[in-house]
>>> print(open('entry.cif').read())   # mmCIF, N, CA and C atoms
data_final
#
loop_
_atom_site.label_atom_id
_atom_site.label_comp_id
_atom_site.auth_asym_id
_atom_site.auth_seq_id
_atom_site.Cartn_x
_atom_site.Cartn_y
_atom_site.Cartn_z
N MET A 1 -182.24 -189.28 -232.61
CA MET A 1 -181.94 -189.12 -234.03
C MET A 1 -182.54 -187.79 -234.51
N PRO A 2 -181.72 -186.93 -235.07
CA PRO A 2 -182.23 -185.62 -235.52
C PRO A 2 -183.15 -185.76 -236.74
N ILE A 3 -184.06 -184.81 -236.87
CA ILE A 3 -184.88 -184.71 -238.07
C ILE A 3 -184.01 -184.10 -239.16
N ARG A 4 -184.04 -184.72 -240.35
CA ARG A 4 -183.19 -184.25 -241.45
C ARG A 4 -184.00 -183.41 -242.44
N PHE A 5 -183.39 -182.32 -242.85
CA PHE A 5 -183.95 -181.47 -243.88
C PHE A 5 -182.91 -181.33 -244.99
N ASP A 6 -183.36 -181.47 -246.24
CA ASP A 6 -182.41 -181.37 -247.36
C ASP A 6 -182.72 -180.22 -248.31
N SER A 7 -183.69 -179.37 -247.93
CA SER A 7 -184.00 -178.22 -248.79
C SER A 7 -184.73 -177.15 -247.99
N ALA A 8 -184.73 -175.95 -248.56
CA ALA A 8 -185.46 -174.85 -247.94
C ALA A 8 -186.95 -175.16 -247.92
N ASP A 9 -187.47 -175.74 -249.00
CA ASP A 9 -188.89 -176.09 -249.07
C ASP A 9 -189.29 -177.05 -247.96
N ALA A 10 -188.45 -178.01 -247.68
CA ALA A 10 -188.76 -178.99 -246.63
C ALA A 10 -188.85 -178.31 -245.27
N ILE A 11 -187.99 -177.34 -245.03
CA ILE A 11 -188.02 -176.61 -243.76
C ILE A 11 -189.29 -175.76 -243.68
N ILE A 12 -189.60 -175.04 -244.76
CA ILE A 12 -190.79 -174.19 -244.77
C ILE A 12 -192.05 -175.01 -244.52
N LYS A 13 -192.12 -176.18 -245.11
CA LYS A 13 -193.30 -177.05 -244.93
C LYS A 13 -193.43 -177.57 -243.51
N ALA A 14 -192.34 -177.56 -242.75
CA ALA A 14 -192.35 -178.11 -241.38
C ALA A 14 -192.65 -177.06 -240.31
N VAL A 15 -192.85 -175.80 -240.71
CA VAL A 15 -193.13 -174.75 -239.72
C VAL A 15 -194.34 -175.14 -238.89
N GLY A 16 -194.21 -174.97 -237.58
CA GLY A 16 -195.28 -175.31 -236.65
C GLY A 16 -195.16 -176.71 -236.09
N GLN A 17 -194.18 -177.46 -236.57
CA GLN A 17 -194.03 -178.85 -236.17
C GLN A 17 -193.02 -178.99 -235.03
N PRO A 18 -193.30 -179.91 -234.10
CA PRO A 18 -192.27 -180.26 -233.11
C PRO A 18 -191.13 -181.00 -233.81
N LEU A 19 -189.92 -180.79 -233.32
CA LEU A 19 -188.74 -181.40 -233.94
C LEU A 19 -188.13 -182.52 -233.11
N GLY A 20 -188.60 -182.70 -231.90
CA GLY A 20 -188.07 -183.76 -231.05
C GLY A 20 -187.12 -183.23 -230.00
N THR A 21 -186.39 -184.15 -229.38
CA THR A 21 -185.52 -183.81 -228.25
C THR A 21 -184.10 -184.30 -228.47
N SER A 22 -183.20 -183.67 -227.73
CA SER A 22 -181.80 -184.10 -227.71
C SER A 22 -181.63 -185.17 -226.63
N ASP A 23 -180.41 -185.64 -226.49
CA ASP A 23 -180.07 -186.52 -225.37
C ASP A 23 -180.00 -185.68 -224.09
N TRP A 24 -180.08 -186.37 -222.96
CA TRP A 24 -179.91 -185.70 -221.67
C TRP A 24 -178.43 -185.40 -221.44
N LEU A 25 -178.16 -184.30 -220.75
CA LEU A 25 -176.82 -183.88 -220.39
C LEU A 25 -176.81 -183.53 -218.91
N THR A 26 -175.89 -184.12 -218.15
CA THR A 26 -175.78 -183.82 -216.72
C THR A 26 -174.90 -182.59 -216.52
N ILE A 27 -175.39 -181.65 -215.74
CA ILE A 27 -174.63 -180.43 -215.43
C ILE A 27 -173.74 -180.70 -214.23
N THR A 28 -172.45 -180.65 -214.45
CA THR A 28 -171.47 -180.92 -213.40
C THR A 28 -170.92 -179.61 -212.82
N GLN A 29 -170.38 -179.70 -211.62
CA GLN A 29 -169.75 -178.54 -211.03
C GLN A 29 -168.54 -178.11 -211.85
N GLN A 30 -167.83 -179.07 -212.43
CA GLN A 30 -166.67 -178.74 -213.27
C GLN A 30 -167.10 -177.89 -214.47
N ARG A 31 -168.22 -178.24 -215.11
CA ARG A 31 -168.71 -177.46 -216.26
C ARG A 31 -169.06 -176.04 -215.81
N VAL A 32 -169.73 -175.92 -214.67
CA VAL A 32 -170.12 -174.60 -214.14
C VAL A 32 -168.87 -173.78 -213.80
N ASP A 33 -167.89 -174.42 -213.16
CA ASP A 33 -166.65 -173.71 -212.80
C ASP A 33 -165.89 -173.26 -214.04
N THR A 34 -165.85 -174.10 -215.06
CA THR A 34 -165.16 -173.75 -216.31
C THR A 34 -165.84 -172.56 -216.98
N PHE A 35 -167.18 -172.56 -216.96
CA PHE A 35 -167.92 -171.43 -217.53
C PHE A 35 -167.66 -170.16 -216.71
N ALA A 36 -167.62 -170.30 -215.39
CA ALA A 36 -167.32 -169.16 -214.53
C ALA A 36 -165.95 -168.57 -214.87
N ASP A 37 -164.97 -169.44 -215.09
CA ASP A 37 -163.63 -168.97 -215.46
C ASP A 37 -163.64 -168.27 -216.81
N ALA A 38 -164.40 -168.81 -217.76
CA ALA A 38 -164.44 -168.24 -219.10
C ALA A 38 -165.12 -166.87 -219.13
N THR A 39 -166.08 -166.65 -218.23
CA THR A 39 -166.86 -165.41 -218.25
C THR A 39 -166.54 -164.46 -217.10
N ASP A 40 -165.65 -164.88 -216.21
CA ASP A 40 -165.32 -164.10 -215.01
C ASP A 40 -166.56 -163.83 -214.14
N ASP A 41 -167.50 -164.76 -214.15
CA ASP A 41 -168.68 -164.68 -213.29
C ASP A 41 -168.56 -165.75 -212.22
N HIS A 42 -167.95 -165.39 -211.10
CA HIS A 42 -167.68 -166.33 -210.01
C HIS A 42 -168.62 -166.13 -208.82
N GLN A 43 -169.84 -165.71 -209.09
CA GLN A 43 -170.80 -165.52 -208.00
C GLN A 43 -170.95 -166.83 -207.22
N TRP A 44 -171.06 -166.71 -205.91
CA TRP A 44 -171.05 -167.88 -205.03
C TRP A 44 -172.16 -168.87 -205.34
N ILE A 45 -173.31 -168.42 -205.85
CA ILE A 45 -174.40 -169.38 -206.14
C ILE A 45 -174.01 -170.36 -207.25
N HIS A 46 -172.93 -170.03 -207.97
CA HIS A 46 -172.45 -170.92 -209.03
C HIS A 46 -171.25 -171.76 -208.60
N VAL A 47 -170.34 -171.18 -207.80
CA VAL A 47 -169.04 -171.82 -207.61
C VAL A 47 -168.67 -172.20 -206.17
N ASP A 48 -169.53 -171.90 -205.21
CA ASP A 48 -169.21 -172.21 -203.81
C ASP A 48 -170.25 -173.19 -203.25
N PRO A 49 -170.01 -174.51 -203.41
CA PRO A 49 -171.00 -175.50 -202.97
C PRO A 49 -171.35 -175.42 -201.49
N VAL A 50 -170.39 -175.07 -200.63
CA VAL A 50 -170.66 -174.99 -199.20
C VAL A 50 -171.65 -173.85 -198.92
N ARG A 51 -171.36 -172.68 -199.43
CA ARG A 51 -172.25 -171.53 -199.21
C ARG A 51 -173.58 -171.72 -199.93
N ALA A 52 -173.54 -172.26 -201.15
CA ALA A 52 -174.76 -172.44 -201.94
C ALA A 52 -175.72 -173.43 -201.29
N LYS A 53 -175.19 -174.37 -200.52
CA LYS A 53 -176.04 -175.36 -199.84
C LYS A 53 -177.05 -174.67 -198.93
N ASP A 54 -176.65 -173.55 -198.33
CA ASP A 54 -177.53 -172.79 -197.46
C ASP A 54 -178.21 -171.63 -198.18
N GLY A 55 -178.03 -171.53 -199.48
CA GLY A 55 -178.61 -170.44 -200.26
C GLY A 55 -180.03 -170.75 -200.72
N PRO A 56 -180.55 -169.90 -201.56
CA PRO A 56 -181.96 -170.01 -201.97
C PRO A 56 -182.29 -171.25 -202.79
N PHE A 57 -181.30 -171.89 -203.41
CA PHE A 57 -181.55 -173.05 -204.26
C PHE A 57 -181.12 -174.36 -203.61
N GLY A 58 -180.41 -174.28 -202.49
CA GLY A 58 -179.96 -175.48 -201.79
C GLY A 58 -178.78 -176.17 -202.42
N ALA A 59 -178.22 -175.58 -203.46
CA ALA A 59 -177.06 -176.14 -204.18
C ALA A 59 -176.56 -175.09 -205.15
N CYS A 60 -175.38 -175.34 -205.72
CA CYS A 60 -174.90 -174.47 -206.79
C CYS A 60 -175.82 -174.62 -208.00
N ILE A 61 -175.96 -173.53 -208.75
CA ILE A 61 -176.76 -173.56 -209.97
C ILE A 61 -175.90 -173.13 -211.16
N ALA A 62 -176.29 -173.62 -212.32
CA ALA A 62 -175.62 -173.21 -213.56
C ALA A 62 -175.97 -171.77 -213.88
N HIS A 63 -175.05 -171.07 -214.50
CA HIS A 63 -175.32 -169.74 -215.00
C HIS A 63 -176.44 -169.84 -216.05
N GLY A 64 -177.31 -168.86 -216.11
CA GLY A 64 -178.32 -168.84 -217.16
C GLY A 64 -177.69 -168.86 -218.54
N TYR A 65 -176.60 -168.11 -218.70
CA TYR A 65 -175.96 -168.06 -220.01
C TYR A 65 -175.22 -169.36 -220.34
N LEU A 66 -174.84 -170.13 -219.35
CA LEU A 66 -174.31 -171.47 -219.61
C LEU A 66 -175.42 -172.33 -220.19
N THR A 67 -176.58 -172.29 -219.55
CA THR A 67 -177.71 -173.06 -220.05
C THR A 67 -178.04 -172.65 -221.48
N LEU A 68 -178.09 -171.35 -221.75
CA LEU A 68 -178.36 -170.87 -223.10
C LEU A 68 -177.29 -171.34 -224.08
N SER A 69 -176.03 -171.30 -223.68
CA SER A 69 -174.95 -171.69 -224.60
C SER A 69 -175.05 -173.17 -224.99
N LEU A 70 -175.65 -173.98 -224.13
CA LEU A 70 -175.78 -175.41 -224.44
C LEU A 70 -176.82 -175.68 -225.51
N VAL A 71 -177.60 -174.67 -225.88
CA VAL A 71 -178.53 -174.83 -227.00
C VAL A 71 -177.75 -175.23 -228.27
N SER A 72 -176.54 -174.69 -228.43
CA SER A 72 -175.74 -175.06 -229.60
C SER A 72 -175.25 -176.51 -229.53
N HIS A 73 -175.25 -177.10 -228.35
CA HIS A 73 -174.96 -178.54 -228.19
C HIS A 73 -176.19 -179.37 -228.53
N PHE A 74 -177.37 -178.87 -228.15
CA PHE A 74 -178.61 -179.62 -228.36
C PHE A 74 -179.12 -179.56 -229.80
N LEU A 75 -179.00 -178.41 -230.46
CA LEU A 75 -179.59 -178.25 -231.80
C LEU A 75 -179.16 -179.31 -232.82
N PRO A 76 -177.87 -179.64 -232.94
CA PRO A 76 -177.49 -180.66 -233.92
C PRO A 76 -178.05 -182.05 -233.61
N GLN A 77 -178.44 -182.26 -232.37
CA GLN A 77 -179.07 -183.54 -232.01
C GLN A 77 -180.56 -183.53 -232.35
N ILE A 78 -181.12 -182.35 -232.58
CA ILE A 78 -182.54 -182.20 -232.86
C ILE A 78 -182.80 -182.10 -234.36
N VAL A 79 -181.97 -181.34 -235.07
CA VAL A 79 -182.17 -181.14 -236.51
C VAL A 79 -180.84 -181.21 -237.23
N ASP A 80 -180.89 -181.82 -238.40
CA ASP A 80 -179.72 -181.96 -239.28
C ASP A 80 -180.12 -181.41 -240.64
N VAL A 81 -179.48 -180.31 -241.03
CA VAL A 81 -179.80 -179.66 -242.30
C VAL A 81 -178.66 -179.92 -243.28
N THR A 82 -178.99 -180.53 -244.43
CA THR A 82 -178.01 -180.73 -245.50
C THR A 82 -177.89 -179.41 -246.25
N MET A 83 -176.72 -178.79 -246.18
CA MET A 83 -176.55 -177.45 -246.73
C MET A 83 -175.09 -177.22 -247.10
N LYS A 84 -174.85 -176.12 -247.81
CA LYS A 84 -173.48 -175.71 -248.10
C LYS A 84 -172.87 -175.00 -246.90
N MET A 85 -173.69 -174.17 -246.23
CA MET A 85 -173.20 -173.40 -245.10
C MET A 85 -174.37 -172.98 -244.23
N GLY A 86 -174.11 -172.87 -242.92
CA GLY A 86 -175.11 -172.35 -242.00
C GLY A 86 -174.45 -171.42 -241.01
N VAL A 87 -175.21 -170.42 -240.56
CA VAL A 87 -174.69 -169.49 -239.57
C VAL A 87 -175.72 -169.28 -238.47
N ASN A 88 -175.23 -169.07 -237.27
CA ASN A 88 -176.06 -168.70 -236.14
C ASN A 88 -176.32 -167.21 -236.27
N TYR A 89 -177.58 -166.82 -236.48
CA TYR A 89 -177.92 -165.42 -236.69
C TYR A 89 -178.28 -164.70 -235.40
N GLY A 90 -178.67 -165.47 -234.36
CA GLY A 90 -178.99 -164.85 -233.08
C GLY A 90 -180.20 -165.47 -232.43
N CYS A 91 -180.79 -164.71 -231.52
CA CYS A 91 -182.00 -165.13 -230.80
C CYS A 91 -183.00 -163.98 -230.80
N ASP A 92 -184.27 -164.31 -230.91
CA ASP A 92 -185.32 -163.29 -230.79
C ASP A 92 -185.73 -163.09 -229.35
N LYS A 93 -185.87 -164.17 -228.61
CA LYS A 93 -186.39 -164.08 -227.25
C LYS A 93 -185.75 -165.19 -226.43
N VAL A 94 -185.31 -164.84 -225.23
CA VAL A 94 -184.71 -165.82 -224.32
C VAL A 94 -185.29 -165.58 -222.93
N ARG A 95 -185.70 -166.68 -222.28
CA ARG A 95 -186.21 -166.59 -220.91
C ARG A 95 -185.57 -167.70 -220.08
N PHE A 96 -185.45 -167.45 -218.77
CA PHE A 96 -184.88 -168.42 -217.83
C PHE A 96 -185.89 -168.65 -216.70
N PRO A 97 -186.92 -169.49 -216.92
CA PRO A 97 -187.96 -169.67 -215.91
C PRO A 97 -187.56 -170.50 -214.69
N ASN A 98 -186.45 -171.22 -214.76
CA ASN A 98 -186.10 -172.12 -213.66
C ASN A 98 -184.58 -172.27 -213.59
N ALA A 99 -184.06 -172.43 -212.38
CA ALA A 99 -182.62 -172.62 -212.19
C ALA A 99 -182.25 -174.09 -212.40
N VAL A 100 -181.04 -174.32 -212.91
CA VAL A 100 -180.51 -175.67 -213.11
C VAL A 100 -179.50 -175.94 -212.01
N LYS A 101 -179.83 -176.85 -211.11
CA LYS A 101 -178.91 -177.21 -210.04
C LYS A 101 -177.81 -178.12 -210.57
N VAL A 102 -176.63 -177.97 -210.00
CA VAL A 102 -175.53 -178.88 -210.34
C VAL A 102 -175.99 -180.31 -210.04
N GLY A 103 -175.74 -181.20 -210.97
CA GLY A 103 -176.17 -182.59 -210.85
C GLY A 103 -177.44 -182.88 -211.62
N ALA A 104 -178.17 -181.83 -212.03
CA ALA A 104 -179.41 -182.02 -212.80
C ALA A 104 -179.10 -182.45 -214.23
N ARG A 105 -180.06 -183.13 -214.82
CA ARG A 105 -179.97 -183.49 -216.23
C ARG A 105 -180.88 -182.57 -217.03
N ILE A 106 -180.35 -182.06 -218.15
CA ILE A 106 -181.14 -181.19 -219.02
C ILE A 106 -181.07 -181.72 -220.44
N ARG A 107 -182.07 -181.31 -221.24
CA ARG A 107 -182.08 -181.63 -222.67
C ARG A 107 -182.82 -180.54 -223.41
N GLY A 108 -182.64 -180.49 -224.72
CA GLY A 108 -183.34 -179.52 -225.54
C GLY A 108 -184.51 -180.15 -226.26
N ARG A 109 -185.61 -179.43 -226.32
CA ARG A 109 -186.77 -179.83 -227.12
C ARG A 109 -186.98 -178.74 -228.17
N GLY A 110 -187.05 -179.12 -229.45
CA GLY A 110 -187.15 -178.15 -230.52
C GLY A 110 -188.51 -178.07 -231.17
N GLU A 111 -188.84 -176.85 -231.62
CA GLU A 111 -190.05 -176.62 -232.40
C GLU A 111 -189.72 -175.57 -233.45
N LEU A 112 -190.01 -175.86 -234.70
CA LEU A 112 -189.78 -174.92 -235.79
C LEU A 112 -190.93 -173.93 -235.81
N ILE A 113 -190.66 -172.66 -235.46
CA ILE A 113 -191.76 -171.70 -235.34
C ILE A 113 -191.85 -170.72 -236.51
N ALA A 114 -190.79 -170.62 -237.32
CA ALA A 114 -190.85 -169.73 -238.48
C ALA A 114 -189.74 -170.10 -239.46
N ALA A 115 -189.99 -169.80 -240.74
CA ALA A 115 -188.96 -169.99 -241.78
C ALA A 115 -189.31 -169.09 -242.96
N GLU A 116 -188.29 -168.43 -243.50
CA GLU A 116 -188.51 -167.57 -244.65
C GLU A 116 -187.24 -167.46 -245.48
N VAL A 117 -187.42 -167.27 -246.77
CA VAL A 117 -186.30 -167.09 -247.67
C VAL A 117 -185.74 -165.68 -247.46
N THR A 118 -184.42 -165.57 -247.43
CA THR A 118 -183.76 -164.28 -247.23
C THR A 118 -183.40 -163.64 -248.56
N LYS A 119 -183.14 -162.33 -248.54
CA LYS A 119 -182.80 -161.60 -249.77
C LYS A 119 -181.58 -162.16 -250.47
N ASP A 120 -180.65 -162.75 -249.68
CA ASP A 120 -179.42 -163.26 -250.28
C ASP A 120 -179.53 -164.73 -250.69
N GLY A 121 -180.76 -165.26 -250.72
CA GLY A 121 -180.98 -166.61 -251.22
C GLY A 121 -180.90 -167.71 -250.19
N GLY A 122 -180.70 -167.35 -248.96
CA GLY A 122 -180.67 -168.36 -247.90
C GLY A 122 -182.05 -168.60 -247.33
N LEU A 123 -182.10 -169.36 -246.28
CA LEU A 123 -183.33 -169.60 -245.55
C LEU A 123 -183.08 -169.27 -244.09
N GLN A 124 -183.92 -168.43 -243.52
CA GLN A 124 -183.82 -168.11 -242.11
C GLN A 124 -184.88 -168.90 -241.36
N ALA A 125 -184.44 -169.69 -240.39
CA ALA A 125 -185.35 -170.53 -239.60
C ALA A 125 -185.26 -170.14 -238.14
N THR A 126 -186.42 -170.05 -237.50
CA THR A 126 -186.47 -169.79 -236.07
C THR A 126 -186.94 -171.07 -235.39
N ILE A 127 -186.06 -171.59 -234.54
CA ILE A 127 -186.35 -172.81 -233.80
C ILE A 127 -186.41 -172.46 -232.32
N ARG A 128 -187.56 -172.74 -231.72
CA ARG A 128 -187.68 -172.53 -230.27
C ARG A 128 -187.10 -173.76 -229.59
N VAL A 129 -186.08 -173.53 -228.78
CA VAL A 129 -185.48 -174.61 -228.02
C VAL A 129 -185.86 -174.41 -226.56
N THR A 130 -186.55 -175.39 -226.02
CA THR A 130 -186.94 -175.39 -224.62
C THR A 130 -186.00 -176.34 -223.90
N VAL A 131 -185.22 -175.80 -222.96
CA VAL A 131 -184.29 -176.62 -222.20
C VAL A 131 -185.02 -177.16 -220.99
N GLU A 132 -185.29 -178.45 -221.03
CA GLU A 132 -186.04 -179.12 -219.98
C GLU A 132 -185.10 -179.64 -218.90
N ILE A 133 -185.60 -179.68 -217.67
CA ILE A 133 -184.86 -180.24 -216.54
C ILE A 133 -185.56 -181.53 -216.15
N ASP A 134 -184.82 -182.62 -216.11
CA ASP A 134 -185.39 -183.92 -215.76
C ASP A 134 -186.08 -183.85 -214.40
N GLY A 135 -187.36 -184.21 -214.36
CA GLY A 135 -188.11 -184.22 -213.12
C GLY A 135 -188.76 -182.90 -212.74
N GLU A 136 -188.57 -181.85 -213.52
CA GLU A 136 -189.14 -180.53 -213.24
C GLU A 136 -190.23 -180.21 -214.26
N THR A 137 -191.24 -179.46 -213.83
CA THR A 137 -192.30 -179.07 -214.76
C THR A 137 -191.95 -177.78 -215.51
N ARG A 138 -191.22 -176.86 -214.87
CA ARG A 138 -190.82 -175.62 -215.53
C ARG A 138 -189.47 -175.81 -216.20
N PRO A 139 -189.32 -175.32 -217.42
CA PRO A 139 -188.04 -175.45 -218.11
C PRO A 139 -186.99 -174.51 -217.54
N ALA A 140 -185.74 -174.81 -217.86
CA ALA A 140 -184.62 -173.96 -217.45
C ALA A 140 -184.50 -172.73 -218.34
N CYS A 141 -184.78 -172.92 -219.62
CA CYS A 141 -184.56 -171.86 -220.60
C CYS A 141 -185.49 -172.11 -221.79
N VAL A 142 -186.00 -171.02 -222.36
CA VAL A 142 -186.74 -171.08 -223.61
C VAL A 142 -186.11 -170.02 -224.51
N ALA A 143 -185.55 -170.46 -225.64
CA ALA A 143 -184.84 -169.55 -226.54
C ALA A 143 -185.33 -169.73 -227.97
N ASP A 144 -185.71 -168.63 -228.60
CA ASP A 144 -186.06 -168.64 -230.01
C ASP A 144 -184.80 -168.34 -230.81
N THR A 145 -184.17 -169.41 -231.29
CA THR A 145 -182.89 -169.29 -232.00
C THR A 145 -183.14 -169.04 -233.48
N ILE A 146 -182.25 -168.28 -234.09
CA ILE A 146 -182.37 -167.96 -235.52
C ILE A 146 -181.14 -168.47 -236.22
N SER A 147 -181.35 -169.30 -237.23
CA SER A 147 -180.25 -169.81 -238.04
C SER A 147 -180.50 -169.47 -239.49
N ARG A 148 -179.42 -169.25 -240.22
CA ARG A 148 -179.52 -169.05 -241.67
C ARG A 148 -178.81 -170.20 -242.35
N TYR A 149 -179.52 -170.80 -243.29
CA TYR A 149 -179.00 -171.94 -244.04
C TYR A 149 -178.88 -171.55 -245.52
N TYR A 150 -177.78 -171.99 -246.12
CA TYR A 150 -177.54 -171.74 -247.54
C TYR A 150 -177.36 -173.08 -248.22
N PHE A 151 -178.21 -173.34 -249.22
CA PHE A 151 -178.25 -174.64 -249.90
C PHE A 151 -177.51 -174.62 -251.22
#
>>> encode(input="entry.cif", output="structure tokens")
Amino acid sequence: MPIRFDSADAIIKAVGQPLGTSDWLTITQQRVDTFADATDDHQWIHVDPVRAKDGPFGACIAHGYLTLSLVSHFLPQIVDVTMKMGVNYGCDKVRFPNAVKVGARIRGRGELIAAEVTKDGGLQATIRVTVEIDGETRPACVADTISRYYF
């Protein structure tokens, strides 16, 4: 269940607080192949299970940018902001400390690390999303996402 915010003040007061986690999502070879087709990144470590079995990871792995793109799937499960409009403003920092093997389960863990009122009357919030891999100690991705909310 996502944490609900209904005002800019509520978000500002929550800075520094953990926001919880999303549901688990299993990374399938079909999802990896579809992403490879969309980005024209068909490197064998992503799309060739036979060759990848003997590679450095022992299996195909998800693209780092696929893992990052799934942050937009996880965020609405972590936080729900009642607003007129919201926009994805970008990311401040993104890291990929661990590879996600096909078949692994991942989820997002959120933490509100900053919030400030913008010149145009909106609220800019930075949420650190840590993409965890089930059974692993190192995360797959850590991204400081920036969203702008207009109430």
>>> closest_residue(input="entry.cif", among="A:Leu19, A:Ala104, A:Leu123, A:Ile27", to="Val87 of chain A", atoms="only C-alpha atoms")
A:Leu123
>>> closest_residue(input="entry.cif", among="A:His42, A:Lys119, A:Arg109, A:Arg51", to="Phe74 of chain A", atoms="all atoms listed in the file")
A:Arg109
>>> residues_around(input="entry.cif", residues="Gly86 of chain A", least_positions_apart="5", cutoff="6.5 Å", atoms="only N, CA and C atoms", output="list in words")
Arg148, Tyr149 and Tyr150 of chain A
>>> atom_distance(input="entry.cif", atom1="atom CA of Asp33 of chain A", atom2="atom C of Lys53 of chain A")
17.4 Å
>>> residues_around(input="entry.cif", residues="segment 114-116 of chain A", least_positions_apart="5", cutoff="10 Å", atoms="only C-alpha atoms", output="list of chain:residue names")
A:Ala8, A:Asp9, A:Ile11, A:Ile12, A:Lys13, A:Ala14, A:Val15, A:Gly16, A:Gln17, A:Gly122, A:Leu123, A:Gln124, A:Ala125, A:Thr126, A:Ile127, A:Arg128, A:Asp144, A:Ile146, A:Ser147, A:Arg148
>>> resolve_selection(input="entry.cif", expression="the PyMOL selection byres ((chain A and resi 79-85) around 5)", output="VMD selection string")
chain A and resid 2 to 6 75 to 78 86 to 87 149 to 151
>>> closest_residue(input="entry.cif", among="A:Asp134, A:Asp120, A:Asp92, A:Asp41", to="Tyr65 of chain A", atoms="only C-alpha atoms")
A:Asp41
>>> atom_distance(input="entry.cif", atom1="atom CA of Glu132 of chain A", atom2="atom CA of Lys101 of chain A")
12.4 Å
>>> closest_residue(input="entry.cif", among="A:Ala38, A:Ala62, A:Met1, A:Ile45", to="Gly103 of chain A", atoms="all atoms listed in the file")
A:Ala62
>>> select_by_dssp(input="entry.cif", residues="segment 55-89 of chain A", states="alpha helix (DSSP H)", output="ChimeraX atom specification")
/A:64-69,71-78
>>> atom_distance(input="entry.cif", atom1="atom N of Val131 of chain A", atom2="atom CA of Gly108 of chain A")
4.9 Å
>>> resolve_selection(input="entry.cif", expression="the PyMOL selection byres ((chain A and resi 32) around 8)", output="list in words")
Ile27, Thr28, Gln29, Gln30, Arg31, Asp33, Thr34, Phe35, Ala36, Asp37, Ala38, His46, Val47, Ile61, Ala62, His63, Leu66 and Val102 of chain A
>>> residues_around(input="entry.cif", residues="Asn98 of chain A", least_positions_apart="5", cutoff="9 Å", atoms="only C-alpha atoms", output="short mmCIF file (atom, residue, chain, number, x, y, z; two decimals) with N, CA and C atoms, in the frame of the given file")
data_model
loop_
_atom_site.label_atom_id
_atom_site.label_comp_id
_atom_site.auth_asym_id
_atom_site.auth_seq_id
_atom_site.Cartn_x
_atom_site.Cartn_y
_atom_site.Cartn_z
N ILE A 133 -185.60 -179.68 -217.67
CA ILE A 133 -184.86 -180.24 -216.54
C ILE A 133 -185.56 -181.53 -216.15
N GLU A 136 -188.57 -181.85 -213.52
CA GLU A 136 -189.14 -180.53 -213.24
C GLU A 136 -190.23 -180.21 -214.26
N ARG A 138 -191.22 -176.86 -214.87
CA ARG A 138 -190.82 -175.62 -215.53
C ARG A 138 -189.47 -175.81 -216.20
N PRO A 139 -189.32 -175.32 -217.42
CA PRO A 139 -188.04 -175.45 -218.11
C PRO A 139 -186.99 -174.51 -217.54
N ALA A 140 -185.74 -174.81 -217.86
CA ALA A 140 -184.62 -173.96 -217.45
C ALA A 140 -184.50 -172.73 -218.34
N CYS A 141 -184.78 -172.92 -219.62
CA CYS A 141 -184.56 -171.86 -220.60
C CYS A 141 -185.49 -172.11 -221.79
#
>>> closest_residue(input="entry.cif", among="A:Asp48, A:Val129, A:Leu25, A:Val142", to="Pro97 of chain A", atoms="all atoms listed in the file")
A:Val142
>>> select_by_dssp(input="entry.cif", residues="chain A", states="strand (DSSP E)", output="ChimeraX atom specification")
/A:3-5,18-21,25-26,79-81,85-95,105-117,123-133,141-150
>>> closest_residue(input="entry.cif", among="A:Gly20, A:Ile106, A:Gly55, A:Thr145", to="Tyr89 of chain A", atoms="only C-alpha atoms")
A:Thr145
>>> decode(input="entry.cif", residues="segment 71-95 of chain A", atoms="C-alpha atoms", output="PDB file, in the first residue's frame")
ATOM      1  CA  VAL A  71      11.561   2.611 -11.177  1.00  0.00           C
ATOM      2  CA  SER A  72       8.527   4.212 -12.860  1.00  0.00           C
ATOM      3  CA  HIS A  73       6.670   0.920 -12.236  1.00  0.00           C
ATOM      4  CA  PHE A  74       7.715   0.824  -8.568  1.00  0.00           C
ATOM      5  CA  LEU A  75       7.156   4.480  -7.581  1.00  0.00           C
ATOM      6  CA  PRO A  76       3.324   4.483  -7.767  1.00  0.00           C
ATOM      7  CA  GLN A  77       3.331   1.418  -5.517  1.00  0.00           C
ATOM      8  CA  ILE A  78       5.474   3.294  -2.977  1.00  0.00           C
ATOM      9  CA  VAL A  79       3.916   6.774  -2.956  1.00  0.00           C
ATOM     10  CA  ASP A  80       0.574   8.196  -4.029  1.00  0.00           C
ATOM     11  CA  VAL A  81       0.399  11.980  -4.340  1.00  0.00           C
ATOM     12  CA  THR A  82      -3.009  13.663  -4.641  1.00  0.00           C
ATOM     13  CA  MET A  83      -2.307  16.444  -7.141  1.00  0.00           C
ATOM     14  CA  LYS A  84      -3.507  18.219 -10.260  1.00  0.00           C
ATOM     15  CA  MET A  85      -0.446  17.196 -12.261  1.00  0.00           C
ATOM     16  CA  GLY A  86       2.954  15.588 -11.822  1.00  0.00           C
ATOM     17  CA  VAL A  87       5.985  15.327 -14.066  1.00  0.00           C
ATOM     18  CA  ASN A  88       9.138  13.241 -14.043  1.00  0.00           C
ATOM     19  CA  TYR A  89      11.896  15.860 -13.857  1.00  0.00           C
ATOM     20  CA  GLY A  90      14.852  13.459 -14.033  1.00  0.00           C
ATOM     21  CA  CYS A  91      17.480  11.832 -11.846  1.00  0.00           C
ATOM     22  CA  ASP A  92      20.362  13.306  -9.869  1.00  0.00           C
ATOM     23  CA  LYS A  93      22.395  10.148  -9.392  1.00  0.00           C
ATOM     24  CA  VAL A  94      22.073   6.591 -10.694  1.00  0.00           C
ATOM     25  CA  ARG A  95      24.258   3.603  -9.826  1.00  0.00           C
TER      26      ARG A  95
END
